[in-house]
Structure formats: structure tokens, C-alpha cells
Amino acid sequence: MNFLKKQSPVRIISLGFALVILIGSVLLSLPCSIRDGVTLRYIDALYMSTSAVCVTGLLTVDAGDTFTPLGQFFLGMLIQVGGLGVTAVGTGVILAMGKKINLKARNLIREAGNLDSGKGVIRFIRLVFLTTVTFELAGALSFLVFRKNFPPLKAAGVSLFHSVASFNNSGFDILGGGQNLIPYQDDVLLNVVTCALVIFGGIGFLVIREVIAKRFRWKKLSMHAKVVLFMSLVLTAAGTVLLKLTEDITWMGAFFTSVSARTAGFSTFPLGSFSGAGLLTVIVLMVIGASPGSTGGGIKTTTCYVLLEGIRSSATNTSEKAFRYAVPADPFRNAAVITLLTIGIVLS
């Protein structure tokens with residue numbers, strides 16, 4: 001405990017993620033988690049656990065063909081913890097036990113949730129859990145699709161797992177066969193439900209809370225909410241048009257790929273068959289990713305907006321503004337550093 005007290009909030013959060021990943025790898029390696037006749041190396045279990053907690057959607061084994069229902073449950077919980085954040089989940093457990101949150105824990109929540117201050121963090125955590133449960137239960141509507149191919153109990157499990165994976169932008173599936181959602185590329189209901197979950201999970205809990213509190217009135221939204229919603233709309237629309245122009249896919253497929261590419265990782269068309277132009281579009285969307293305080297990754301939509309606005313203001317010698325709000329110079333420098341570091345890591 002003394003060791004943890006000396007650590008910074010960011011380091012504690014990182015250690016928490018590492019611990020969850022290690023525990024998850026052990027749980028996925030248990031005999032009860034692996035199907036009969038299937039051999040799972042520990043390195044693959046570790047990789048799957050890491051991918052689930054970091055909600056990347058990258059796989060070394062097929063989750064549907066490798067894991068038992070219990071193993072799939074463990075995988076779903078790792079995705080849930082990764083999407084919500086270790087700090088948020090830990091705080092939720094403490095609150096459920098009726099215990100108080102100390103100042104150290106509040107600082108951790110503030111750091112993990114990208115909050116401006118430590119005020120209202122408990123309300124924020126409760127909102128996170130309420131929002132998550134609401135959307136994931138609503139997303140289980142995909143049961144109507146999966147029951148056509150699976151027995152009722154299996155369809156219920158698949159739909160719930162898919163809902164969790166979609167809202168947390170993880171891209172995992174337990175359908176088996178390594179096909180992801182390609183067999184459902186023409187199913188309108190599943191495409192719409194999945195995209196809705198990915199979008200709401202990707203815009204962030206703060207924006208969802210604000211939009212509801214301001215009753216969907218654009219003029220009353222904060223600069224942050226406006227930037228997130230504007231960039232999400234622009235990126236989705238631009239990605240859809242570019243993918244439709246470069247690939248031989250339907251408009252629904254282009255829209256789904258544009259939405260999913262930014263953080264989720266689901267696919268209804270094989271990306272391996274995409275052209276260089278199509279893959280470049282997907283890569284750009286992947287790098288930008290979701291929004292701050294969301295379940296997704298990437299450099300964030302706000303970072304992209306600030307960077308583009310800074311470039312525009314420098315080229316035109318005008319002040320940096322975001323929906324009539326002045327943008328300080330520091331965010332532009334931070335955005336430039338984040339983007340350059342990301343490009344450097346990707347290219348290396």
C-alpha cells in the first residue's frame with residue numbers, strides 16, 4: 001500500500017491495467033475456459049487478454065472456436081473493464097459496497113475520465129454505469145438477428161456479448177469461423193444496432209450526459225461537445241463516401257466500415273480485399289479514433305480538430321477558434337506532439 005501511495009495517478013492506472021491483463025490471461029488459460037480438443041498457448045491467452053482490455057479487437061485465435069461459454073464470459077468482462085476503465089470499475093465496486101471514495105481515488109477518476117476537476121466524480125461514475133447498462137441492454141436487440149442461426153440461449157449469449165463488444169468498441173465476436181460479421185453484411189437491423197452502439201460508445205460519456213442534460217439543443221452545448229459531435233459526423237460521412245468510391249461495396253457496408261474503423265474493428269466486408277486507397281482511408285480513421293472519455297482509442301477527434309484548426313489559422317494568419325470559442329496555443333502544440341508521436345510509433 002505504501003508503494004501505491006507514492007505513485008502518480010497515471011502510473012497507478014497503468015499498473016491497474018497491467019494487473020487486469022495478467023489476471024485475464026490466467027482466467028482464459030484455465031481448462032474450463034478452453035473448448036475440448038483445443039490447445040491454447042499462454043502467449044495467445046495473454047495476447048487475447050491484452051487485446052480485450054485495451055479494446056483493440058486484434059486476435060491470434062478465434063474467440064468463438066477457442067473458448068467455452070465461461071471463457072467467453074471472462075473475455076466479455078475484460079472488454080467491459082477495458083472499455084469503462086479499471087479506475088471506473090474499481091470505483092463502482094467500492095460504491096456498491098457502500099464505502100466512501102477518498103481524495104486519492106477521486107484524483108484517479110479525474111485523470112482516467114479526462115475530467116476538469118475532482119468535483120462530481122461520483123455522479124460521473126454512476127452516470128457511466130447507468131449509461132453503459134442502458135445501451136448494452138438496448139443493444140441486445142441483436143438477439144432478433146442471432147436467433148435465426150442459434151438456439152435461443154446461445155443467441156441470447158451471443159447478442160449480449162456482441163452488445164458489450166460493440167458499445168466498448170472492441171471488435172470481438174464469438175460467432176466462430178473467423179468471419180466476424182461478414183455473414184451479416186446485408187442484415188439492416190444488425191448493422192444499425194452495431195453502428196449505434198459503436199457511435200455512442202465512441203463519443204464519450206461526458207458528451208452523452210451533456211446532450212441529454214441540454215435536451216439536444218445545439219446552441220447550449222459546450223465547445224467540447226460540439227467539436228466531438230461535429231468531428232464524429234464529418235469523419236463518418238467522409239469515410240463512407242471515400243470507401244464507397246474506392247471499394248466495390250454497398251453504401252451500408254461503406255457506412256459500417258467507416259463507423260467501425262475508427263475504433264471498433266468489426267467488419268462486414270473482408271479488409272484484405274480492399275484497395276490501397278480504401279486501406280489508407282481505414283488507416284486514417286483508425287489513427288484518429290474516438291473521442292475523449294469514451295470507450296474507444298486513437299489520438300481522439302478533439303486532437304484532430306485542434307490540429308486542423310491550428311494548421312488553418314497558421315496558413316491564413318487568423319486566430320484559432322472552435323465554434324466561436326477561442327482556442328489557446330497549448331492545445332495545438334499538444335495535438336501536434338500527440339499526432340507526431342503516434343505517426344512515429346506506427347511507422348516504427
# chains A, B, ... in the order shown; residues from 1 in each chain; ligands from 1
call {"tool": "residues_around", "arguments": {"residues": "segment 282-299 of chain A", "least_positions_apart": "4", "cutoff": "8 Å", "atoms": "only C-alpha atoms", "output": "mmCIF file with N, CA, C and O atoms, in the first residue's frame"}}
result
data_model
loop_
_atom_site.group_PDB
_atom_site.id
_atom_site.type_symbol
_atom_site.label_atom_id
_atom_site.label_comp_id
_atom_site.auth_asym_id
_atom_site.auth_seq_id
_atom_site.Cartn_x
_atom_site.Cartn_y
_atom_site.Cartn_z
ATOM 1 N N VAL A 55 -9.162 -2.979 -25.714
ATOM 2 C CA VAL A 55 -10.233 -2.901 -26.711
ATOM 3 C C VAL A 55 -9.710 -2.608 -28.121
ATOM 4 O O VAL A 55 -10.167 -1.696 -28.807
ATOM 5 N N GLY A 82 -12.005 -2.966 -19.766
ATOM 6 C CA GLY A 82 -11.161 -2.154 -20.623
ATOM 7 C C GLY A 82 -11.884 -0.943 -21.185
ATOM 8 O O GLY A 82 -11.329 0.151 -21.248
ATOM 9 N N GLY A 83 -13.149 -1.135 -21.583
ATOM 10 C CA GLY A 83 -13.916 -0.033 -22.145
ATOM 11 C C GLY A 83 -14.256 1.031 -21.125
ATOM 12 O O GLY A 83 -14.121 2.229 -21.375
ATOM 13 N N LEU A 84 -14.710 0.606 -19.951
ATOM 14 C CA LEU A 84 -15.083 1.556 -18.899
ATOM 15 C C LEU A 84 -13.868 2.132 -18.201
ATOM 16 O O LEU A 84 -13.899 3.252 -17.699
ATOM 17 N N ALA A 112 -8.398 9.460 -15.210
ATOM 18 C CA ALA A 112 -8.861 8.423 -16.135
ATOM 19 C C ALA A 112 -10.018 8.891 -17.000
ATOM 20 O O ALA A 112 -10.157 8.476 -18.156
ATOM 21 N N GLY A 113 -10.871 9.757 -16.434
ATOM 22 C CA GLY A 113 -12.053 10.200 -17.169
ATOM 23 C C GLY A 113 -11.898 11.505 -17.902
ATOM 24 O O GLY A 113 -12.865 12.014 -18.471
ATOM 25 N N ASN A 114 -10.683 12.076 -17.895
ATOM 26 C CA ASN A 114 -10.431 13.355 -18.560
ATOM 27 C C ASN A 114 -11.339 14.461 -18.037
ATOM 28 O O ASN A 114 -11.849 15.298 -18.794
ATOM 29 N N PHE A 167 -20.489 -1.621 -27.830
ATOM 30 C CA PHE A 167 -20.508 -0.371 -27.073
ATOM 31 C C PHE A 167 -19.120 -0.009 -26.558
ATOM 32 O O PHE A 167 -18.770 1.178 -26.466
ATOM 33 N N ASN A 168 -18.320 -1.029 -26.251
ATOM 34 C CA ASN A 168 -16.963 -0.786 -25.773
ATOM 35 C C ASN A 168 -15.933 -0.740 -26.896
ATOM 36 O O ASN A 168 -14.729 -0.708 -26.645
ATOM 37 N N ASN A 169 -16.431 -0.734 -28.140
ATOM 38 C CA ASN A 169 -15.575 -0.551 -29.314
ATOM 39 C C ASN A 169 -14.433 -1.554 -29.385
ATOM 40 O O ASN A 169 -13.287 -1.187 -29.712
ATOM 41 N N SER A 170 -14.705 -2.815 -29.090
ATOM 42 C CA SER A 170 -13.619 -3.802 -29.038
ATOM 43 C C SER A 170 -13.469 -4.611 -30.326
ATOM 44 O O SER A 170 -12.365 -5.036 -30.671
ATOM 45 N N GLY A 201 -20.787 4.712 -27.923
ATOM 46 C CA GLY A 201 -19.642 4.372 -27.087
ATOM 47 C C GLY A 201 -18.434 5.224 -27.422
ATOM 48 O O GLY A 201 -17.612 5.520 -26.549
ATOM 49 N N GLY A 202 -18.341 5.667 -28.682
ATOM 50 C CA GLY A 202 -17.179 6.415 -29.142
ATOM 51 C C GLY A 202 -17.226 7.903 -28.896
ATOM 52 O O GLY A 202 -16.188 8.567 -28.910
ATOM 53 N N ILE A 203 -18.414 8.489 -28.679
ATOM 54 C CA ILE A 203 -18.476 9.940 -28.462
ATOM 55 C C ILE A 203 -18.183 10.315 -27.014
ATOM 56 O O ILE A 203 -17.865 11.470 -26.730
ATOM 57 N N GLY A 204 -18.277 9.359 -26.113
ATOM 58 C CA GLY A 204 -17.883 9.641 -24.736
ATOM 59 C C GLY A 204 -19.051 9.889 -23.793
ATOM 60 O O GLY A 204 -20.088 10.423 -24.195
ATOM 61 N N PHE A 205 -18.846 9.507 -22.546
ATOM 62 C CA PHE A 205 -19.904 9.632 -21.543
ATOM 63 C C PHE A 205 -20.207 11.091 -21.227
ATOM 64 O O PHE A 205 -21.351 11.452 -20.950
ATOM 65 N N LEU A 206 -19.197 11.948 -21.239
ATOM 66 C CA LEU A 206 -19.410 13.365 -20.937
ATOM 67 C C LEU A 206 -20.332 14.007 -21.963
ATOM 68 O O LEU A 206 -21.216 14.797 -21.622
ATOM 69 N N VAL A 228 -16.777 17.289 -30.651
ATOM 70 C CA VAL A 228 -16.900 15.831 -30.718
ATOM 71 C C VAL A 228 -17.988 15.419 -31.700
ATOM 72 O O VAL A 228 -17.774 14.556 -32.573
ATOM 73 N N SER A 232 -17.222 13.709 -35.316
ATOM 74 C CA SER A 232 -17.752 12.346 -35.498
ATOM 75 C C SER A 232 -18.605 12.272 -36.755
ATOM 76 O O SER A 232 -18.511 11.313 -37.534
ATOM 77 N N LEU A 235 -16.193 12.823 -39.965
ATOM 78 C CA LEU A 235 -15.343 11.665 -40.222
ATOM 79 C C LEU A 235 -16.153 10.472 -40.734
ATOM 80 O O LEU A 235 -15.731 9.766 -41.650
ATOM 81 N N GLY A 239 -15.610 9.224 -44.463
ATOM 82 C CA GLY A 239 -15.159 7.845 -44.590
ATOM 83 C C GLY A 239 -16.107 7.010 -45.432
ATOM 84 O O GLY A 239 -15.666 6.190 -46.258
ATOM 85 N N THR A 257 -18.233 0.249 -42.266
ATOM 86 C CA THR A 257 -16.778 0.217 -42.193
ATOM 87 C C THR A 257 -16.227 1.549 -41.698
ATOM 88 O O THR A 257 -15.277 1.592 -40.912
ATOM 89 N N SER A 258 -16.832 2.651 -42.138
ATOM 90 C CA SER A 258 -16.391 3.974 -41.699
ATOM 91 C C SER A 258 -16.591 4.153 -40.196
ATOM 92 O O SER A 258 -15.716 4.679 -39.506
ATOM 93 N N ALA A 261 -14.227 1.430 -38.316
ATOM 94 C CA ALA A 261 -12.778 1.584 -38.481
ATOM 95 C C ALA A 261 -12.167 2.491 -37.426
ATOM 96 O O ALA A 261 -11.023 2.275 -36.997
ATOM 97 N N ARG A 262 -12.893 3.491 -36.958
ATOM 98 C CA ARG A 262 -12.288 4.467 -36.057
ATOM 99 C C ARG A 262 -11.940 3.883 -34.694
ATOM 100 O O ARG A 262 -11.048 4.399 -34.044
ATOM 101 N N THR A 263 -12.635 2.839 -34.266
ATOM 102 C CA THR A 263 -12.230 2.211 -33.002
ATOM 103 C C THR A 263 -12.694 0.781 -32.834
ATOM 104 O O THR A 263 -12.052 0.007 -32.131
ATOM 105 N N ALA A 264 -13.791 0.399 -33.459
ATOM 106 C CA ALA A 264 -14.414 -0.875 -33.111
ATOM 107 C C ALA A 264 -13.700 -2.097 -33.675
ATOM 108 O O ALA A 264 -13.443 -3.054 -32.961
ATOM 109 N N GLY A 278 -8.545 2.418 -50.318
ATOM 110 C CA GLY A 278 -9.504 2.070 -49.272
ATOM 111 C C GLY A 278 -8.822 1.808 -47.944
ATOM 112 O O GLY A 278 -9.295 2.250 -46.886
ATOM 113 N N THR A 303 -8.379 16.029 -30.742
ATOM 114 C CA THR A 303 -6.993 16.274 -31.130
ATOM 115 C C THR A 303 -6.905 16.583 -32.619
ATOM 116 O O THR A 303 -6.189 17.502 -33.043
ATOM 117 N N CYS A 304 -7.620 15.817 -33.419
ATOM 118 C CA CYS A 304 -7.634 16.023 -34.864
ATOM 119 C C CYS A 304 -8.197 17.397 -35.205
ATOM 120 O O CYS A 304 -7.639 18.121 -36.050
ATOM 121 N N ILE A 338 1.144 14.807 -29.932
ATOM 122 C CA ILE A 338 0.445 13.518 -29.890
ATOM 123 C C ILE A 338 0.401 12.884 -31.278
ATOM 124 O O ILE A 338 0.661 11.685 -31.449
ATOM 125 N N THR A 339 0.077 13.683 -32.281
ATOM 126 C CA THR A 339 -0.030 13.169 -33.647
ATOM 127 C C THR A 339 1.320 12.696 -34.174
ATOM 128 O O THR A 339 1.425 11.614 -34.770
ATOM 129 N N THR A 342 2.329 9.487 -32.439
ATOM 130 C CA THR A 342 1.511 8.376 -32.951
ATOM 131 C C THR A 342 2.016 7.912 -34.315
ATOM 132 O O THR A 342 2.189 6.707 -34.546
#
call {"tool": "residues_around", "arguments": {"residues": "segment 326-335 of chain A", "least_positions_apart": "6", "cutoff": "7 Å", "atoms": "only C-alpha atoms", "output": "ChimeraX atom specification"}}
result
/A:303,306-307,310,320
call {"tool": "residues_around", "arguments": {"residues": "Phe256 of chain A", "least_positions_apart": "3", "cutoff": "9 Å", "atoms": "only C-alpha atoms", "output": "PyMOL selection string"}}
result
chain A and resi 191-192+194-195+240+251-253+259-261+266-268
call {"tool": "select_by_dssp", "arguments": {"residues": "segment 4-87 of chain A", "states": "helix (DSSP H, G or I)", "output": "ChimeraX atom specification"}}
result
/A:4-5,9-29,31-33,42-53,63-66,69-84,86-87
call {"tool": "closest_residue", "arguments": {"among": "A:Asp65, A:Asp44, A:Glu309, A:Glu247", "to": "Phe269 of chain A", "atoms": "only C-alpha atoms"}}
result
A:Glu247
call {"tool": "atom_distance", "arguments": {"atom1": "atom CA of Val26 of chain A", "atom2": "atom CA of Val164 of chain A"}}
result
21.5 Å
call {"tool": "atom_distance", "arguments": {"atom1": "atom CA of Ile43 of chain A", "atom2": "atom CA of Ala63 of chain A"}}
result
14.7 Å
call {"tool": "atom_distance", "arguments": {"atom1": "atom CA of Ser51 of chain A", "atom2": "atom CA of Ile21 of chain A"}}
result
8.9 Å
